[in-house]
Amino acid sequence: MNKKFITTTMLALLAAMPMLAQKTFDVTVENNYAKGKTSVPVVISLKDCGTDVKSALVTSDGKEIACQLDDIDQDGQFDELCFLTDIDKNTAKKFNVTLYNDGKPREYKPEVYVEMLLSNKKVKESNKQDLYISELTVDNGTNPYWQLHHHGAAFENDMVAYRIYFDHRQTVDIYGKYQKRLELKETQFYPDKEQKAAMYGDDVLWVGSTLGLGTLRGWDGQKPTMLENVDKRSQKIIARGPIRTIVEVKDKGWTPQTAAGNAEPIDMTALYTLYAGRRECHVDVKFNKPASGYKFATGFINVKNSTEYSDKNGLRGCWGKDWPVSAKDSVGHKRETVGLGICIPEKYIVSEEPANKDNYAYVLATDTDELHYQITFCSDNETFGFHKDKDWYAFLKEWKDDISHPVKVTK
C-alpha cells in the first residue's frame with residue numbers, strides 16, 4: 001500500500017469524524033412578566049468557556065434553533081453567543097448549548113443584513129455599487145462622507161433599516177419599508193423606479209444637521225455639538241448575521257466642546273445592534289475612561305408638524321410628516337409620515353430639553369465609562385405597522401414596559 005493512498009484514506013476518515021464537543025450546558029430563560037414576549041435576544045458570554053470556540057449548536061426540546069457567534073472585541077476569538085426566542089408570560093424555557101473547538105459556525109437563513117461600500121464612480125446606478133468593505137478609519141480632517149455609498153454603514157431586518165453617516169455628524173438615519181423583507185442588498189438605500197413600483201422601501205426622513213434618530217453628540221451647555229476635533233474616526237462591521245448585525249462607530253481622541261471651552265480628549269466607541277424581529281436598535285457606548293466630567297446630547301429630529309409624547313422618565317416619541325430629502329432632491333419623492341422613539345435609562349438623564357425647531361433633545365451624563373439606550377421608528381408606508389400617532393405612542397409605552405421587564409437568563 002503506497003503512502004499516498006494511506007494519507008488520502010486518513011484525511012477522509014478525519015473529515016467524516018463528528019466534531020468533538022468542547023462544552024455542553026443548559027440555559028434557562030425565565031419570563032416573570034405578565035405578558036408574553038417575541039424575538040427575545042438571549043446573549044451568552046463565552047469568556048468563561050475555556051478554549052477557543054469555533055462553532056455552536058442550540059436546541060430546545062430537541063429542535064435546532066438559529067444561533068450566532070460574534071467576536072465583539074475583535075481579538076480573533078468568539079466571545080458572545082446569541083439566539084432569539086418567543087416566550088409566554090410567567091414561563092421558563094430551557095435550551096441546550098453545545099460548543100465546539102473545531103469546524104465553522106453553522107449556517108442559517110439570514111434574517112438581517114449589513115453593508116458598507118465605497119462609491120464606484122464607474123457604476124452609474126445607485127443600487128448596483130460593488131466596492132464592499134468591512135471597515136474604514138480616517139485621520140483628523142478627512143471626511144469620507146461622499147466617498148462612501150449611502151454615506152456610511154447601513155443595516156436592516158425585515159421591518160426596519162438604519163444607516164449611520166460617516167462624518168462629524170454621525171447621524172442615524174432611517175429607511176422605511178412597505179413589506180416585511182430584506183431589501184438593502186438590492187436597493188442599497190436608493191431604490192430605482194422599478195423597485196419603487198414593486199413596493200420596495202426608501203429613505204423616509206430628512207435629517208440634515210439635526211439629531212436624526214438617537215445620534216449621540218456633545219453638549220456645550222446650550223445645544224448639541226458635532227463630533228469634531230477627533231484624532232481618528234472609524235466605522236466597522238462587527239457582526240453580519242444571521243440574527244443580528246453590529247456596527248461599531250469609534251471616535252478616538254475626541255475633544256468635546258463645553259461651556260468652559262474644550263474638555264480633555266476622550267475615546268468613544270458606540271455599538272449599534274439590530275436583532276431580527278425587533279424594531280429597536282440598541283446603542284451601547286463605551287469610553288476609555290470614566291466620563292463623569294462630560295455632558296452628552298441625544299434625542300431625535302423635530303419632524304415638521306409633529307405631535308409629541310413623553311413620559312418625562314426617558315421615553316419620548318414624535319409623529320410627523322415631511323419631505324425625506326432636501327428641496328433640490330425632492331423630485332421622485334413624496335412627503336413621508338414617520339414615528340420616532342427613544343428610551344433612555346433615567347440614571348443617565350440630566351434634563352429633557354423642550355422641543356425647538358430642530359430637535360427633541362436630552363442632556364445625558366454618566367458616572368461610569370458606559371452609556372446605553374435604545375431607538376426605534378416606524379413608517380406610515382408599512383403594511384404591517386402603525387398609521388396614527390396614538391397607536392404609535394401606545395406601542396412606545398408597551399416597548400418601554402417590555403424593556404423594563406427583561407427576561408432572566410441563567411446557565
# chains A, B, ... in the order shown; residues from 1 in each chain; ligands from 1

call {"tool": "select_by_dssp", "arguments": {"residues": "stretch 157-203 of chain A", "states": "strand (DSSP E or B)", "output": "ChimeraX atom specification"}}
result
/A:161-164,172-176,202-203

call {"tool": "residues_around", "arguments": {"residues": "stretch 288-303 of chain A", "least_positions_apart": "5", "cutoff": "6 Å", "atoms": "only C-alpha atoms", "output": "list of chain:residue names"}}
result
A:Thr210, A:Leu211, A:Gly212, A:Leu213, A:Gly214, A:Thr215, A:Leu216, A:Arg217, A:Gly218, A:Trp219, A:Pro224, A:Asp267, A:Gly320, A:Asp358, A:Asn359, A:Tyr360, A:Ala361, A:Tyr362, A:Val363, A:Leu364, A:Ala365, A:Thr366, A:Asp367, A:Thr368, A:Asp369

call {"tool": "write_last_selection", "arguments": {"atoms": "C-alpha atoms", "output": "PDB file, in the first residue's frame"}}
result
ATOM      1  CA  THR A 210     -30.287  67.514  13.481  1.00  0.00           C
ATOM      2  CA  LEU A 211     -30.033  64.600  15.903  1.00  0.00           C
ATOM      3  CA  GLY A 212     -31.705  62.351  13.343  1.00  0.00           C
ATOM      4  CA  LEU A 213     -32.804  59.343  15.398  1.00  0.00           C
ATOM      5  CA  GLY A 214     -30.815  58.892  18.599  1.00  0.00           C
ATOM      6  CA  THR A 215     -27.493  60.316  17.409  1.00  0.00           C
ATOM      7  CA  LEU A 216     -25.085  60.820  20.321  1.00  0.00           C
ATOM      8  CA  ARG A 217     -23.265  64.156  20.346  1.00  0.00           C
ATOM      9  CA  GLY A 218     -21.599  66.543  22.748  1.00  0.00           C
ATOM     10  CA  TRP A 219     -23.335  69.257  24.798  1.00  0.00           C
ATOM     11  CA  PRO A 224     -25.775  69.668  20.950  1.00  0.00           C
ATOM     12  CA  ASP A 267     -12.133  57.893  23.186  1.00  0.00           C
ATOM     13  CA  GLY A 320     -44.954  63.858  11.839  1.00  0.00           C
ATOM     14  CA  ASP A 358     -34.589  71.140  15.117  1.00  0.00           C
ATOM     15  CA  ASN A 359     -34.775  68.568  17.889  1.00  0.00           C
ATOM     16  CA  TYR A 360     -36.446  66.857  20.775  1.00  0.00           C
ATOM     17  CA  ALA A 361     -33.262  66.582  22.841  1.00  0.00           C
ATOM     18  CA  TYR A 362     -31.942  65.156  26.091  1.00  0.00           C
ATOM     19  CA  VAL A 363     -28.804  66.066  28.023  1.00  0.00           C
ATOM     20  CA  LEU A 364     -27.042  62.954  29.329  1.00  0.00           C
ATOM     21  CA  ALA A 365     -24.240  62.152  31.751  1.00  0.00           C
ATOM     22  CA  THR A 366     -22.711  59.011  33.233  1.00  0.00           C
ATOM     23  CA  ASP A 367     -20.617  58.318  36.326  1.00  0.00           C
ATOM     24  CA  THR A 368     -19.022  55.295  34.638  1.00  0.00           C
ATOM     25  CA  ASP A 369     -17.371  54.592  31.295  1.00  0.00           C
TER      26      ASP A 369
END

call {"tool": "residues_around", "arguments": {"residues": "stretch 170-181 of chain A", "least_positions_apart": "2", "cutoff": "7 Å", "atoms": "only C-alpha atoms", "output": "ChimeraX atom specification"}}
result
/A:158-168,183,199-205,207,211-215,379,381-383

call {"tool": "write_last_selection", "arguments": {"atoms": "C-alpha atoms", "output": "tab-separated table (two decimals), in the first residue's frame"}}
result
chain	number	residue	atom	x	y	z
A	158	ASP	CA	-37.29	42.61	7.61
A	159	MET	CA	-39.11	45.53	9.32
A	160	VAL	CA	-36.67	48.45	9.51
A	161	ALA	CA	-33.35	49.73	8.18
A	162	TYR	CA	-30.86	52.24	9.56
A	163	ARG	CA	-27.71	53.95	8.34
A	164	ILE	CA	-25.02	55.97	10.13
A	165	TYR	CA	-23.36	58.95	8.49
A	166	PHE	CA	-19.56	58.76	8.42
A	167	ASP	CA	-18.69	62.38	9.17
A	168	HIS	CA	-18.64	64.83	12.07
A	183	GLU	CA	-34.02	44.55	0.57
A	199	MET	CA	-43.17	48.46	-3.30
A	200	TYR	CA	-39.58	48.48	-2.12
A	201	GLY	CA	-38.79	50.91	0.70
A	202	ASP	CA	-36.87	54.17	0.63
A	203	ASP	CA	-35.31	56.94	2.69
A	204	VAL	CA	-38.17	58.37	4.77
A	205	LEU	CA	-36.51	61.08	6.87
A	207	VAL	CA	-32.06	64.69	8.97
A	211	LEU	CA	-30.03	64.60	15.90
A	212	GLY	CA	-31.70	62.35	13.34
A	213	LEU	CA	-32.80	59.34	15.40
A	214	GLY	CA	-30.82	58.89	18.60
A	215	THR	CA	-27.49	60.32	17.41
A	379	SER	CA	-43.07	54.38	8.64
A	381	ASN	CA	-45.94	53.16	4.49
A	382	GLU	CA	-45.78	49.85	6.33
A	383	THR	CA	-48.49	47.29	5.58

call {"tool": "select_by_dssp", "arguments": {"residues": "stretch 148-235 of chain A", "states": "alpha helix (DSSP H)", "output": "count of residues only"}}
result
9

call {"tool": "residues_around", "arguments": {"residues": "A:Ala34", "least_positions_apart": "3", "cutoff": "12 Å", "atoms": "only C-alpha atoms", "output": "number ranges by chain"}}
result
A: 30-31, 37, 87-91, 401-402, 405-407
